[in-house]
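As stored in coords39.pdb (PDB, C-alpha atoms, pLDDT in the B column):
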ATOM      1  CA  MET K   1      76.728  90.044 241.273  1.00 54.00           C
ATOM      2  CA  LYS K   2      74.197  91.708 238.960  1.00 52.00           C
ATOM      3  CA  ASP K   3      76.410  94.818 238.666  1.00 56.00           C
ATOM      4  CA  ASN K   4      79.467  92.670 237.861  1.00 48.00           C
ATOM      5  CA  LEU K   5      77.596  90.850 235.106  1.00 46.00           C
ATOM      6  CA  LYS K   6      76.322  94.145 233.714  1.00 47.00           C
ATOM      7  CA  THR K   7      79.873  95.579 233.725  1.00 46.00           C
ATOM      8  CA  LEU K   8      81.241  92.457 232.015  1.00 41.00           C
ATOM      9  CA  VAL K   9      78.567  92.552 229.308  1.00 38.00           C
ATOM     10  CA  MET K  10      79.141  96.268 228.678  1.00 44.00           C
ATOM     11  CA  THR K  11      82.908  95.750 228.474  1.00 42.00           C
ATOM     12  CA  VAL K  12      82.584  92.857 226.016  1.00 37.00           C
ATOM     13  CA  LEU K  13      80.081  94.832 223.940  1.00 40.00           C
ATOM     14  CA  ALA K  14      82.373  97.880 223.871  1.00 41.00           C
ATOM     15  CA  LEU K  15      85.369  95.767 222.810  1.00 37.00           C
ATOM     16  CA  PHE K  16      83.314  94.088 220.096  1.00 38.00           C
ATOM     17  CA  CYS K  17      82.112  97.425 218.716  1.00 38.00           C
ATOM     18  CA  PHE K  18      85.595  98.936 218.857  1.00 37.00           C
ATOM     19  CA  THR K  19      87.265  96.071 216.976  1.00 36.00           C
ATOM     20  CA  THR K  20      84.419  95.662 214.472  1.00 36.00           C
ATOM     21  CA  LEU K  21      83.989  99.335 213.603  1.00 37.00           C
ATOM     22  CA  GLN K  22      87.721  99.928 213.424  1.00 39.00           C
ATOM     23  CA  SER K  23      87.890  97.829 210.236  1.00 39.00           C
ATOM     24  CA  CYS K  24      85.103  99.763 208.492  1.00 42.00           C
ATOM     25  CA  ASN K  25      87.167 102.643 207.136  1.00 41.00           C
ATOM     26  CA  ASP K  26      88.102 103.030 203.471  1.00 46.00           C
ATOM     27  CA  ASP K  27      91.828 103.109 204.158  1.00 48.00           C
ATOM     28  CA  ASP K  28      92.229  99.420 204.882  1.00 50.00           C
ATOM     29  CA  ASP K  29      93.118  98.504 201.293  1.00 55.00           C
ATOM     30  CA  VAL K  30      96.381  96.636 201.088  1.00 64.00           C
ATOM     31  CA  THR K  31      98.877  98.142 198.673  1.00 73.00           C
ATOM     32  CA  ILE K  32     100.724  95.419 196.780  1.00 89.00           C
ATOM     33  CA  THR K  33     103.572  95.123 194.327  1.00 90.00           C
ATOM     34  CA  PRO K  34     102.350  93.520 191.084  1.00 95.00           C
ATOM     35  CA  PRO K  35     104.508  91.395 188.773  1.00 95.00           C
ATOM     36  CA  SER K  36     107.115  93.275 186.747  1.00 96.00           C
ATOM     37  CA  GLU K  37     105.239  92.747 183.449  1.00 96.00           C
ATOM     38  CA  VAL K  38     102.233  94.582 184.922  1.00 97.00           C
ATOM     39  CA  VAL K  39     104.343  97.451 186.275  1.00 97.00           C
ATOM     40  CA  ASN K  40     106.276  97.680 182.992  1.00 97.00           C
ATOM     41  CA  ALA K  41     103.042  97.836 180.959  1.00 98.00           C
ATOM     42  CA  PHE K  42     101.704 100.595 183.198  1.00 98.00           C
ATOM     43  CA  ASN K  43     104.946 102.590 183.098  1.00 97.00           C
ATOM     44  CA  ALA K  44     105.058 102.318 179.299  1.00 97.00           C
ATOM     45  CA  GLN K  45     101.452 103.470 178.953  1.00 97.00           C
ATOM     46  CA  TYR K  46     101.559 106.205 181.615  1.00 97.00           C
ATOM     47  CA  PRO K  47     105.227 107.228 182.012  1.00 96.00           C
ATOM     48  CA  ASP K  48     104.356 110.505 183.747  1.00 94.00           C
ATOM     49  CA  ALA K  49     101.873 109.030 186.240  1.00 95.00           C
ATOM     50  CA  VAL K  50     102.093 110.557 189.696  1.00 95.00           C
ATOM     51  CA  ASN K  51     101.717 108.661 192.971  1.00 95.00           C
ATOM     52  CA  PRO K  52     100.676 105.200 191.688  1.00 97.00           C
ATOM     53  CA  LYS K  53      99.080 102.909 194.274  1.00 97.00           C
ATOM     54  CA  TRP K  54      98.456  99.270 193.416  1.00 97.00           C
ATOM     55  CA  GLU K  55      95.721  96.904 194.562  1.00 96.00           C
ATOM     56  CA  MET K  56      94.591  93.439 193.559  1.00 95.00           C
ATOM     57  CA  ILE K  57      90.929  93.446 192.486  1.00 90.00           C
ATOM     58  CA  LEU K  58      89.633  89.898 191.984  1.00 91.00           C
ATOM     59  CA  THR K  59      91.917  88.612 189.230  1.00 90.00           C
ATOM     60  CA  SER K  60      93.275  91.895 187.912  1.00 95.00           C
ATOM     61  CA  TYR K  61      95.538  94.670 189.128  1.00 97.00           C
ATOM     62  CA  GLU K  62      94.260  98.188 189.705  1.00 97.00           C
ATOM     63  CA  VAL K  63      96.541 101.194 189.947  1.00 98.00           C
ATOM     64  CA  GLU K  64      95.288 104.575 191.141  1.00 98.00           C
ATOM     65  CA  PHE K  65      97.327 107.587 190.035  1.00 98.00           C
ATOM     66  CA  TYR K  66      97.189 111.195 188.875  1.00 98.00           C
ATOM     67  CA  PHE K  67      97.343 111.739 185.123  1.00 97.00           C
ATOM     68  CA  THR K  68      98.333 114.631 182.901  1.00 96.00           C
ATOM     69  CA  GLY K  69      98.412 114.059 179.163  1.00 95.00           C
ATOM     70  CA  THR K  70      96.359 112.919 176.193  1.00 93.00           C
ATOM     71  CA  ALA K  71      93.742 110.302 176.989  1.00 91.00           C
ATOM     72  CA  THR K  72      91.541 107.911 175.023  1.00 91.00           C
ATOM     73  CA  ASP K  73      91.143 107.471 171.300  1.00 89.00           C
ATOM     74  CA  TRP K  74      89.465 110.900 171.403  1.00 92.00           C
ATOM     75  CA  ASN K  75      92.824 112.583 172.177  1.00 93.00           C
ATOM     76  CA  ILE K  76      91.460 114.537 175.132  1.00 94.00           C
ATOM     77  CA  GLN K  77      94.003 116.634 176.998  1.00 95.00           C
ATOM     78  CA  LEU K  78      93.663 116.115 180.760  1.00 96.00           C
ATOM     79  CA  THR K  79      95.533 117.881 183.538  1.00 95.00           C
ATOM     80  CA  ASN K  80      96.163 116.277 186.918  1.00 95.00           C
ATOM     81  CA  VAL K  81      93.017 114.130 187.030  1.00 97.00           C
ATOM     82  CA  GLU K  82      92.568 111.096 189.225  1.00 98.00           C
ATOM     83  CA  ALA K  83      92.714 107.889 187.229  1.00 98.00           C
ATOM     84  CA  GLU K  84      92.493 104.131 187.736  1.00 98.00           C
ATOM     85  CA  ALA K  85      93.965 101.651 185.276  1.00 98.00           C
ATOM     86  CA  PHE K  86      93.290  97.913 185.247  1.00 98.00           C
ATOM     87  CA  TYR K  87      95.657  95.192 183.991  1.00 98.00           C
ATOM     88  CA  THR K  88      95.618  91.400 183.770  1.00 97.00           C
ATOM     89  CA  ASN K  89      98.210  89.252 185.546  1.00 94.00           C
ATOM     90  CA  SER K  90     100.263  89.181 182.344  1.00 95.00           C
ATOM     91  CA  GLY K  91     100.280  92.984 181.976  1.00 96.00           C
ATOM     92  CA  LYS K  92      97.536  93.303 179.343  1.00 98.00           C
ATOM     93  CA  TRP K  93      95.740  96.620 179.737  1.00 98.00           C
ATOM     94  CA  ILE K  94      91.971  96.284 180.284  1.00 98.00           C
ATOM     95  CA  ARG K  95      90.732  99.854 180.793  1.00 98.00           C
ATOM     96  CA  THR K  96      91.418 103.195 182.437  1.00 98.00           C
ATOM     97  CA  GLU K  97      88.899 105.403 184.219  1.00 98.00           C
ATOM     98  CA  PHE K  98      89.590 109.152 184.290  1.00 98.00           C
ATOM     99  CA  ASP K  99      87.657 111.183 186.865  1.00 98.00           C
ATOM    100  CA  VAL K 100      86.575 114.308 184.965  1.00 97.00           C
ATOM    101  CA  LYS K 101      83.803 115.643 187.210  1.00 95.00           C
ATOM    102  CA  ASN K 102      85.903 118.726 187.941  1.00 93.00           C
ATOM    103  CA  CYS K 103      86.163 119.394 184.180  1.00 93.00           C
ATOM    104  CA  MET K 104      82.406 119.843 183.669  1.00 89.00           C
ATOM    105  CA  ASN K 105      82.762 123.230 181.928  1.00 89.00           C
ATOM    106  CA  ASP K 106      85.808 122.332 179.839  1.00 94.00           C
ATOM    107  CA  LEU K 107      84.506 121.786 176.302  1.00 93.00           C
ATOM    108  CA  ASN K 108      87.792 120.135 175.310  1.00 93.00           C
ATOM    109  CA  VAL K 109      87.146 117.424 177.902  1.00 96.00           C
ATOM    110  CA  ILE K 110      83.339 117.269 177.873  1.00 96.00           C
ATOM    111  CA  PRO K 111      81.770 118.269 174.545  1.00 95.00           C
ATOM    112  CA  VAL K 112      78.618 120.391 174.340  1.00 96.00           C
ATOM    113  CA  ALA K 113      76.532 117.369 173.289  1.00 96.00           C
ATOM    114  CA  VAL K 114      77.676 115.391 176.332  1.00 96.00           C
ATOM    115  CA  GLN K 115      77.054 118.378 178.622  1.00 94.00           C
ATOM    116  CA  ALA K 116      73.515 118.673 177.208  1.00 95.00           C
ATOM    117  CA  THR K 117      72.850 114.974 177.889  1.00 95.00           C
ATOM    118  CA  ILE K 118      74.155 115.356 181.436  1.00 94.00           C
ATOM    119  CA  ALA K 119      71.948 118.435 182.013  1.00 93.00           C
ATOM    120  CA  ALA K 120      68.909 116.527 180.727  1.00 92.00           C
ATOM    121  CA  GLN K 121      69.672 113.556 182.992  1.00 90.00           C
ATOM    122  CA  VAL K 122      69.873 115.733 186.109  1.00 90.00           C
ATOM    123  CA  LYS K 123      67.134 118.150 184.987  1.00 88.00           C
ATOM    124  CA  ASP K 124      69.684 121.006 185.073  1.00 79.00           C
ATOM    125  CA  ASN K 125      70.438 120.353 188.772  1.00 84.00           C
ATOM    126  CA  MET K 126      74.197 119.779 188.478  1.00 85.00           C
ATOM    127  CA  ASN K 127      74.396 119.110 192.219  1.00 86.00           C
ATOM    128  CA  LEU K 128      72.931 115.680 191.432  1.00 91.00           C
ATOM    129  CA  VAL K 129      76.065 114.717 189.459  1.00 92.00           C
ATOM    130  CA  ASP K 130      77.777 112.361 191.867  1.00 91.00           C
ATOM    131  CA  ASP K 131      80.592 111.400 189.506  1.00 94.00           C
ATOM    132  CA  LEU K 132      81.642 111.703 185.871  1.00 96.00           C
ATOM    133  CA  LYS K 133      84.358 109.560 184.344  1.00 97.00           C
ATOM    134  CA  ILE K 134      85.772 108.864 180.926  1.00 97.00           C
ATOM    135  CA  ILE K 135      86.089 105.110 180.512  1.00 97.00           C
ATOM    136  CA  ASP K 136      88.880 104.230 178.083  1.00 97.00           C
ATOM    137  CA  TRP K 137      88.657 100.566 177.051  1.00 97.00           C
ATOM    138  CA  ALA K 138      91.329  98.505 175.378  1.00 96.00           C
ATOM    139  CA  ASP K 139      88.880  96.545 173.238  1.00 94.00           C
ATOM    140  CA  LYS K 140      85.541  98.387 173.483  1.00 94.00           C
ATOM    141  CA  ASN K 141      84.259 101.829 172.574  1.00 94.00           C
ATOM    142  CA  ASP K 142      85.131 104.566 175.047  1.00 95.00           C
ATOM    143  CA  TYR K 143      82.351 106.468 176.830  1.00 97.00           C
ATOM    144  CA  TYR K 144      81.510 108.887 179.600  1.00 97.00           C
ATOM    145  CA  LEU K 145      80.053 107.296 182.731  1.00 97.00           C
ATOM    146  CA  LEU K 146      77.699 109.621 184.577  1.00 96.00           C
ATOM    147  CA  GLU K 147      76.634 108.748 188.108  1.00 95.00           C
ATOM    148  CA  VAL K 148      73.539 110.614 189.272  1.00 94.00           C
ATOM    149  CA  ASP K 149      72.689 110.887 192.944  1.00 90.00           C
ATOM    150  CA  ALA K 150      69.140 109.554 193.074  1.00 85.00           C
ATOM    151  CA  GLU K 151      67.359 108.079 196.062  1.00 81.00           C
ATOM    152  CA  PRO K 152      67.241 105.293 196.979  1.00 86.00           C
ATOM    153  CA  GLU K 153      70.025 104.267 194.565  1.00 86.00           C
ATOM    154  CA  ASP K 154      72.413 106.105 192.253  1.00 89.00           C
ATOM    155  CA  ILE K 155      71.760 105.943 188.518  1.00 92.00           C
ATOM    156  CA  GLN K 156      74.580 105.283 186.063  1.00 94.00           C
ATOM    157  CA  VAL K 157      74.338 106.494 182.480  1.00 95.00           C
ATOM    158  CA  MET K 158      76.816 105.673 179.720  1.00 97.00           C
ATOM    159  CA  ILE K 159      77.146 108.483 177.172  1.00 97.00           C
ATOM    160  CA  ASN K 160      79.061 108.381 173.883  1.00 96.00           C
ATOM    161  CA  ARG K 161      81.131 111.313 172.614  1.00 94.00           C
ATOM    162  CA  GLU K 162      78.211 112.562 170.519  1.00 95.00           C
ATOM    163  CA  GLY K 163      75.965 112.794 173.600  1.00 95.00           C
ATOM    164  CA  GLY K 164      73.926 109.664 172.919  1.00 94.00           C
ATOM    165  CA  ASN K 165      73.012 107.295 175.738  1.00 89.00           C
ATOM    166  CA  ILE K 166      74.501 103.810 175.544  1.00 85.00           C
ATOM    167  CA  TYR K 167      72.468 101.017 177.094  1.00 66.00           C
TER
END
For this file, produce the structure as structure tokens.
Amino acid sequence: MKDNLKTLVMTVLALFCFTTLQSCNDDDDVTITPPSEVVNAFNAQYPDAVNPKWEMILTSYEVEFYFTGTATDWNIQLTNVEAEAFYTNSGKWIRTEFDVKNCMNDLNVIPVAVQATIAAQVKDNMNLVDDLKIIDWADKNDYYLLEVDAEPEDIQVMINREGGNIY
């Protein structure tokens, strides 16, 4: 009887762990089809976007894609970078985030002043740079968003095009 109870408990525990942990991966996002006005706004803004994938994030639509072209009010030329654009339900663009970590040495993408600010933030240990994005806002000033790997929590620093920190 004791062995049967032990086997039952172990089986239930194994099933619980299997079904619970199965849903913990990052690939469980549901891809959706947004309203046509949202898709049309995106296609007009990024006609050459590659592999767009849509999600609903709270009350806005997010589309992940690969971008090649001129970005932001700064007219930065980007080549095949990962990007995420956000739109309202009516198709109004909110912002786009361009992942430029792989462009760290490209002075056309990341100016010397910004590179100097990044180096100062990580004390010249570039391995601490967890992420670097250009945030292109519809109705705010654009900036670089630096994420520094710091224990116990990451640090995020907003940097303007001239290398100044934005708080």
Note to self: Ranking K:Glu153, K:Ile76, K:Glu62, K:Glu147 by minimum distance to Pro111 (chain K) and counting all atoms listed in the file, which one comes first?
What the structure shows: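 Comparing K:Glu153, K:Ile76, K:Glu62, K:Glu147 against Pro111 (chain K), the winner is K:Ile76.
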Margin query: For the PyMOL selection byres ((chain K and resi 84) around 9), applied here, can you spell out every residue it catches as a PyMOL selection string?
Written below: chain K and resi 62-66+82-83+85-86+95-99
Next item on the list: Check what the PyMOL selection byres ((chain K and resi 165) around 12) selects in the file above and give those residues as a ChimeraX atom specification.
Entry: /K:113-114,116-118,120-121,143-146,156-164,166-167
Check: Written as a VMD selection string, which residues does the PyMOL selection byres ((chain K and resi 128-132) around 6) give for the file shown?
Finding: chain K and resid 100 to 101 125 to 127 133 145 to 149
Next item on the list: Go ahead and compute the interatomic distance for CA of Tyr46 (chain K) and CA of Phe67 (chain K), in Å to one decimal.
Entry: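 Separating CA of Tyr46 (chain K) from CA of Phe67 (chain K) is a distance of 7.8 Å.
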Next item on the list: Excluding Lys92 (chain K) and any residue of its chain fewer than 6 positions from it, enumerate the residues within 12 Å of it, using only C-alpha atoms, and give them as an NGL selection string.
Entry: :K and (35 or 37-42 or 44-45 or 60-62 or 85-86 or 137-139)
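Distance-wise, CA of Thr70 (chain K) and CA of Thr88 (chain K) end up 22.8 Å apart.
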Check: Pick from K:Ser36, K:Thr31, K:Thr79, K:Thr59: nearest to Gly91 (chain K), with only C-alpha atoms counted?
Finding: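 Closest candidate: K:Ser36.
The spacing separating CA of Met56 (chain K) from CA of Ile32 (chain K) amounts to 7.2 Å.
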Note to self: Using all atoms listed in the file for the distances, tell me which of K:Asp154, K:Trp93, K:Pro47, K:Thr72 is nearest to Ile134 (chain K).
What the structure shows: K:Thr72
Next item on the list: Measuring atom to atom with all atoms listed in the file, identify which of K:Val109, K:Ile57, K:Ala119, K:Ala49 is nearest to Pro34 (chain K).
Entry: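 Closest residue, counting all atoms listed in the file: K:Ile57.
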Axis-aligned box over every listed atom of region 131-145 of chain K, padded by 6 Å per side: centre and edges in Å to one decimal, as JSON?
{"center_x": 85.7, "center_y": 104.1, "center_z": 181.0, "size_x": 23.3, "size_y": 27.2, "size_z": 28.9}
Notebook entry, point to check: Pick the closest to Ile94 (chain K) from K:Ile110, K:Ile155, K:Val81, K:Ile135: which is it, counting all atoms listed in the file?
Noted result: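 Selected residue with least distance to Ile94 (chain K): K:Ile135.
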